[in-house]
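Asker: Sending over a structure as structure tokens; questions will come in a sec.
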Amino acid sequence: MTNAREISVEYLARVEGEGSMRVEVVDDHIEHVEFSIFEPPRFFEAFLRGRPHTDAPDITARICGICPIAYQMSSVHAMEDAFGVTVGGPLRELRRLIYCGEWIESHALHIYLLHAPDFLGYQSGIHMAADHRDVVERGLRLKKAGNAIVGLLGGREIHPINVKVGGFYRTPTKAELETLVPELEWAKEAAIETIRFVSGFTFPEADMDFEFVSLSHPDEYPFNEGRIISNRGLDISVAEFNETFVEEHVERSNALHSRIRERGAYHVGPLARYSLNFDKLTPLAQNLAREAGLERVCMNPFKSIVVRSVETLYAVEEALRIIDEYEPPAAPAVPYTVKEGEGHGATEAPRGLLYHRYRVHDDGRIADAQIVPPTAQNQLTIESDLRYVLERHLDLPDEELAWVLEQSIRNYDPCISCATHFLDLTVDRG
Amino acid sequence: MALPTLAVHKFASCDGCQLSLLDLEDELLAVAGVVQIANFMEASREVLPPPYDVTLIEGSVTTAHDAERIKQIREETGVLITIGACATAGGIQALRNWKDVDDFTRYVYAHPAYIDTLQMSTPISDHVAVDFELRGCPVSKYQLLEVLVAFLQGRRPNIPTYSVCVECKLKGNPCVMVAQGTPCLGPVTQAGCNALCPTYDRGCFGCFGPMESPNTGSLADRWKEMGASERDLVDAFRSFNAWSDAFREESDRQQASIEIGGVR
């Protein structure tokens, strides 16, 4: 007689967007694992064609309400690459600063409202607040400190309006930026408390064999610039992205699956950035990571919440450094001449590497667009994690098994709106 | 007494408008104290059974499945409020409405047969009765709070329908059209952003959609006097609120003008 169990969770909660998961188990044998994305397609790459290149940062921001800065940054860097223009000095620093703001708000949202409830056994951050109000209030205030950076530099937190090809529409005065300092000083302490708080959680055992992929820059923890590297010897320029990575369209998903040619699944996001760039973190962030029990390389995806907390501290410290050293630029943007060409941009979204490629006509209109978001790149790795976690937790009752599988998806802070979007969770023990 | 129940549902969108609820960092826990969050998947695993007192809808209808889903949601709620440009006007993805969506599918996906999508991206009000439409791409979180509180108190929300120009005047912004010669959609766009773009030395690009009774034709003439082409105007009116009546009609007029030979 075969033993067939079926668990079904129809809509995965506490992720950004809509997707589904289906697992079949017969006699403790895993028949099938599938992570699917049903988010209705919105065809950004299609309707960007023919639009002015200056629309790219505003339109691609609308791919994701949680990480619009990532889309704005990848798009403007790709356009600047096409036109052969480099944005340096204070404008480059301001771009790092606004990205710090996005990392802080996005990481704080995920740590406190979306992921910590899994470790503490709550349905949501709001349920958690009933017992841990001070903790949730700290998380919300930390999130707000990040949003304050995006709000000041970008005009508003969601879909900021101040980023453009070449720089910004308006740059802040030193005094305006300095208004952020007192709250960021508080946020630095809060980020330290956050690392200590999450490192006390109980983590399921997992020792994966990831191929980590992230940007790497000789002088800094990566945001907007660098080469694309991996822990298996990959070291390419951003322009070589399509020579190394392939996107496949599979029936079960409205998001394209990415693979490294000849090797397969890879992992982008905080764990990859941290493990490939540990020595570029500030001394304080490195110390707190060690104190939290992290090695220089972290292969346990459940500990991504600790790594996000370390990155939050780094982003707060980096924001304070940039504000301290800031001298306003002579002009809010670098002038450039429109010409026909192709450009590539890759930046580190909170969830990982975000690649944009555009071809532009000589009149400045977009001829062709390609956007590869982090969650699409992580889809295969999420599936292999599900299989790993399932193998080790088959003895759990259905409800608990479903929860740990959901949690292992939330390890990736998946942004399904970005990847396309819709998550239905079904465990079919067939 | 039981708290009123709140549901939040997502259709084709970026999540930004429902995120506005979670971006109410100072008010979120207070809101959770006066309403029961009954069905809000982005925030909670817990789903309480319908019916709900108030439902917020983000996103536009782009699939046959979603066209059915919104009808079910309508039946399960007392008040239905749409939030954001996607839910109120079809969103940026309504740019497909002027194209052949099969071409779009072939461009983005290797196997178009796997993709289920409708030809049009349409606002929620094309499918079911809507009690209130809150504009913006994204919505203003403070306007969202005002709408929620108003419905809980049984009063009409105080959401102005005048133009962005009024906000510029209230803020003391110099007019970017007059002072800098920067084309601006502010004169025909509904307020709500607190004149954000002009405050950052940029022309308004219409996130909040058309104001009440906009004179888009007059603004288009002024843009042309400033050097804009019909194509520039088509692009300007066809963005996040492209499928709203006033912006769609003006963009179609400009497009027709291009097609009959560029009468200026």
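Ordering of the structure tokens sets the chain letters (A, B, ...); residue numbers start at 1 within each chain; ligands are numbered from 1 in the order shown.
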Return as a ChimeraX atom specification the residues belonging to chain A that are within 7 Å of chain B, counting only C-alpha atoms.
Answerer: /A:13-17,40,42-43,45-47,62-66,114,123-124,140-141,144,155,158-159,161-162,169-170,249,251,254,417
Asker: Give me the residues near region 264-274 of chain A as a ChimeraX atom specification, where near means some atom within 6 Å (using only C-alpha atoms) and where sequence neighbours in that chain fewer than 3 positions away do not count.
Answerer: /A:211-214,259-260,277-278,304,351-352,378,380-381
Asker: If you keep N, CA, C and O atoms, can you produce a file of those selected residues as a PDB file, in the first residue's frame?
Answerer:
```
ATOM      1  N   GLU A 211      26.146  28.146  -5.829  1.00  0.00           N
ATOM      2  CA  GLU A 211      27.026  29.029  -6.587  1.00  0.00           C
ATOM      3  C   GLU A 211      26.491  30.432  -6.365  1.00  0.00           C
ATOM      4  O   GLU A 211      25.423  30.812  -6.859  1.00  0.00           O
ATOM      5  N   PHE A 212      27.220  31.198  -5.568  1.00  0.00           N
ATOM      6  CA  PHE A 212      26.824  32.578  -5.269  1.00  0.00           C
ATOM      7  C   PHE A 212      27.256  33.495  -6.406  1.00  0.00           C
ATOM      8  O   PHE A 212      28.395  33.401  -6.876  1.00  0.00           O
ATOM      9  N   VAL A 213      26.381  34.417  -6.794  1.00  0.00           N
ATOM     10  CA  VAL A 213      26.708  35.392  -7.839  1.00  0.00           C
ATOM     11  C   VAL A 213      26.362  36.787  -7.333  1.00  0.00           C
ATOM     12  O   VAL A 213      25.247  37.016  -6.840  1.00  0.00           O
ATOM     13  N   SER A 214      27.313  37.704  -7.414  1.00  0.00           N
ATOM     14  CA  SER A 214      27.014  39.107  -7.083  1.00  0.00           C
ATOM     15  C   SER A 214      28.019  40.000  -7.778  1.00  0.00           C
ATOM     16  O   SER A 214      29.001  39.540  -8.357  1.00  0.00           O
ATOM     17  N   ARG A 259      19.673  30.427 -15.693  1.00  0.00           N
ATOM     18  CA  ARG A 259      20.696  29.425 -15.379  1.00  0.00           C
ATOM     19  C   ARG A 259      22.030  29.949 -15.830  1.00  0.00           C
ATOM     20  O   ARG A 259      22.115  30.766 -16.744  1.00  0.00           O
ATOM     21  N   ILE A 260      23.089  29.434 -15.185  1.00  0.00           N
ATOM     22  CA  ILE A 260      24.424  29.655 -15.731  1.00  0.00           C
ATOM     23  C   ILE A 260      24.618  28.584 -16.794  1.00  0.00           C
ATOM     24  O   ILE A 260      24.370  27.403 -16.546  1.00  0.00           O
ATOM     25  N   ASN A 277      31.767  39.304  -0.583  1.00  0.00           N
ATOM     26  CA  ASN A 277      32.297  40.654  -0.331  1.00  0.00           C
ATOM     27  C   ASN A 277      32.501  40.939   1.153  1.00  0.00           C
ATOM     28  O   ASN A 277      32.503  42.103   1.567  1.00  0.00           O
ATOM     29  N   PHE A 278      32.682  39.899   1.953  1.00  0.00           N
ATOM     30  CA  PHE A 278      32.783  40.093   3.404  1.00  0.00           C
ATOM     31  C   PHE A 278      33.833  41.132   3.766  1.00  0.00           C
ATOM     32  O   PHE A 278      33.613  41.985   4.637  1.00  0.00           O
ATOM     33  N   SER A 304      19.661  33.883   6.229  1.00  0.00           N
ATOM     34  CA  SER A 304      19.647  35.114   5.430  1.00  0.00           C
ATOM     35  C   SER A 304      19.103  36.279   6.248  1.00  0.00           C
ATOM     36  O   SER A 304      19.473  37.430   6.020  1.00  0.00           O
ATOM     37  N   ARG A 351      17.203  42.219  -3.083  1.00  0.00           N
ATOM     38  CA  ARG A 351      17.068  40.773  -3.294  1.00  0.00           C
ATOM     39  C   ARG A 351      18.120  40.183  -4.189  1.00  0.00           C
ATOM     40  O   ARG A 351      18.090  38.975  -4.458  1.00  0.00           O
ATOM     41  N   GLY A 352      19.037  41.012  -4.718  1.00  0.00           N
ATOM     42  CA  GLY A 352      20.119  40.478  -5.527  1.00  0.00           C
ATOM     43  C   GLY A 352      20.282  41.179  -6.864  1.00  0.00           C
ATOM     44  O   GLY A 352      19.627  42.185  -7.157  1.00  0.00           O
ATOM     45  N   ASN A 378      16.665  33.435  -8.980  1.00  0.00           N
ATOM     46  CA  ASN A 378      16.687  32.519  -7.836  1.00  0.00           C
ATOM     47  C   ASN A 378      15.668  31.384  -7.927  1.00  0.00           C
ATOM     48  O   ASN A 378      15.649  30.504  -7.066  1.00  0.00           O
ATOM     49  N   LEU A 380      15.254  28.598  -9.660  1.00  0.00           N
ATOM     50  CA  LEU A 380      15.730  27.213  -9.632  1.00  0.00           C
ATOM     51  C   LEU A 380      16.342  26.872  -8.285  1.00  0.00           C
ATOM     52  O   LEU A 380      16.178  25.765  -7.779  1.00  0.00           O
ATOM     53  N   THR A 381      17.045  27.835  -7.692  1.00  0.00           N
ATOM     54  CA  THR A 381      17.657  27.602  -6.383  1.00  0.00           C
ATOM     55  C   THR A 381      16.577  27.449  -5.313  1.00  0.00           C
ATOM     56  O   THR A 381      16.694  26.613  -4.414  1.00  0.00           O
TER      57      THR A 381
END
```
Asker: Could you tell me, as a PyMOL selection string, which residues of region 38-208 of chain B DSSP assigns to helix (DSSP H, G or I) when given the backbone?
Answerer: chain B and resi 64-75+85-89+92-98+101-108+112-114+124-126+141-153+164-171+176-180+186-188+196-199
Asker: Identify, on the basis of only C-alpha atoms, every residue whose closest approach to Glu248 (chain A) does not exceed 7 Å; exclude the query and any residue fewer than 4 positions from it along the same chain; express the result as a list in words.
Answerer: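 Those residues are Leu256, His257 and Ser258 of chain A.
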Asker: For the residues in the current selection, export all heavy atoms as a PDB file, in the first residue's frame.
Answerer:
```pdb
ATOM      1  N   LEU A 256      10.693  34.059 -16.326  1.00  0.00           N
ATOM      2  CA  LEU A 256      11.694  33.253 -17.006  1.00  0.00           C
ATOM      3  C   LEU A 256      12.694  32.723 -15.975  1.00  0.00           C
ATOM      4  O   LEU A 256      13.067  33.425 -15.054  1.00  0.00           O
ATOM      5  CB  LEU A 256      12.409  34.109 -18.063  1.00  0.00           C
ATOM      6  CG  LEU A 256      11.483  34.772 -19.097  1.00  0.00           C
ATOM      7  CD1 LEU A 256      12.287  35.653 -20.041  1.00  0.00           C
ATOM      8  CD2 LEU A 256      10.696  33.749 -19.897  1.00  0.00           C
ATOM      9  N   HIS A 257      13.097  31.470 -16.121  1.00  0.00           N
ATOM     10  CA  HIS A 257      14.092  30.875 -15.217  1.00  0.00           C
ATOM     11  C   HIS A 257      15.497  31.177 -15.735  1.00  0.00           C
ATOM     12  O   HIS A 257      15.767  30.957 -16.907  1.00  0.00           O
ATOM     13  CB  HIS A 257      13.932  29.347 -15.201  1.00  0.00           C
ATOM     14  CG  HIS A 257      12.811  28.858 -14.348  1.00  0.00           C
ATOM     15  ND1 HIS A 257      12.740  27.577 -13.869  1.00  0.00           N
ATOM     16  CD2 HIS A 257      11.724  29.482 -13.861  1.00  0.00           C
ATOM     17  CE1 HIS A 257      11.645  27.426 -13.137  1.00  0.00           C
ATOM     18  NE2 HIS A 257      11.014  28.574 -13.127  1.00  0.00           N
ATOM     19  N   SER A 258      16.383  31.592 -14.854  1.00  0.00           N
ATOM     20  CA  SER A 258      17.763  31.849 -15.269  1.00  0.00           C
ATOM     21  C   SER A 258      18.673  30.703 -14.858  1.00  0.00           C
ATOM     22  O   SER A 258      18.495  30.101 -13.805  1.00  0.00           O
ATOM     23  CB  SER A 258      18.295  33.119 -14.611  1.00  0.00           C
ATOM     24  OG  SER A 258      17.574  34.226 -15.029  1.00  0.00           O
TER      25      SER A 258
END
```
Asker: Could you check how far CA of Tyr314 (chain A) sits from CA of His110 (chain A), in Å to one decimal?
Answerer: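 Straight-line distance from CA of Tyr314 (chain A) to CA of His110 (chain A) works out to 16.5 Å.
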Asker: Check region 22-236 of chain B with DSSP on the backbone and list each residue it calls strand (DSSP E or B), as JSON, numbers by chain.
Answerer: {"B": [36, 37, 38, 39, 40, 44, 52, 53, 54, 55, 56, 57, 58, 60, 61, 77, 78, 79, 80, 81, 82, 83, 122, 132, 133, 134, 163, 189, 190, 210]}
Asker: Could you please determine the separation between CA of Asp279 (chain A) and CA of Gly200 (chain A) in Å, to one decimal place?
Answerer: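 Going from CA of Asp279 (chain A) over to CA of Gly200 (chain A) covers 24.1 Å.
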Asker: I'd like the neighbourhood of Arg49 (chain A) as a ChimeraX atom specification, where a residue qualifies if any of its atoms comes within 10 Å (using only C-alpha atoms), though same-chain residues fewer than 5 positions away should be ignored.
Answerer: /A:44,358-360,365-369
Asker: Those residues you just picked out, can you put them in a file as a tab-separated table (two decimals), in the first residue's frame with N, CA and C atoms?
Answerer:
```tsv
chain	number	residue	atom	x	y	z
A	44	PHE	N	6.54	44.63	-19.55
A	44	PHE	CA	7.35	45.86	-19.53
A	44	PHE	C	8.32	45.95	-20.70
A	358	TYR	N	19.60	47.72	-22.78
A	358	TYR	CA	18.77	48.48	-23.72
A	358	TYR	C	19.55	48.72	-25.00
A	359	ARG	N	18.84	48.67	-26.10
A	359	ARG	CA	19.36	49.23	-27.35
A	359	ARG	C	18.57	50.50	-27.60
A	360	VAL	N	19.27	51.56	-27.99
A	360	VAL	CA	18.63	52.86	-28.16
A	360	VAL	C	18.85	53.33	-29.59
A	365	ARG	N	15.10	56.99	-28.62
A	365	ARG	CA	14.02	56.07	-28.24
A	365	ARG	C	14.53	54.65	-28.08
A	366	ILE	N	13.85	53.90	-27.23
A	366	ILE	CA	14.29	52.55	-26.90
A	366	ILE	C	13.92	51.59	-28.03
A	367	ALA	N	14.94	50.86	-28.53
A	367	ALA	CA	14.70	49.89	-29.60
A	367	ALA	C	14.39	48.51	-29.02
A	368	ASP	N	15.01	48.22	-27.89
A	368	ASP	CA	14.96	46.86	-27.37
A	368	ASP	C	15.31	46.91	-25.89
A	369	ALA	N	14.61	46.12	-25.07
A	369	ALA	CA	14.87	46.13	-23.63
A	369	ALA	C	14.90	44.71	-23.10
```
Asker: Find the residue from A:Leu284, A:Cys415, A:Ile305, A:Ala187 that sits nearest to Pro373 (chain A); use only C-alpha atoms when measuring.
Answerer: A:Cys415
Asker: Could you state the separation of CA of Thr88 (chain B) and CA of Gly192 (chain B) in Å, given to one decimal place?
Answerer: 14.7 Å
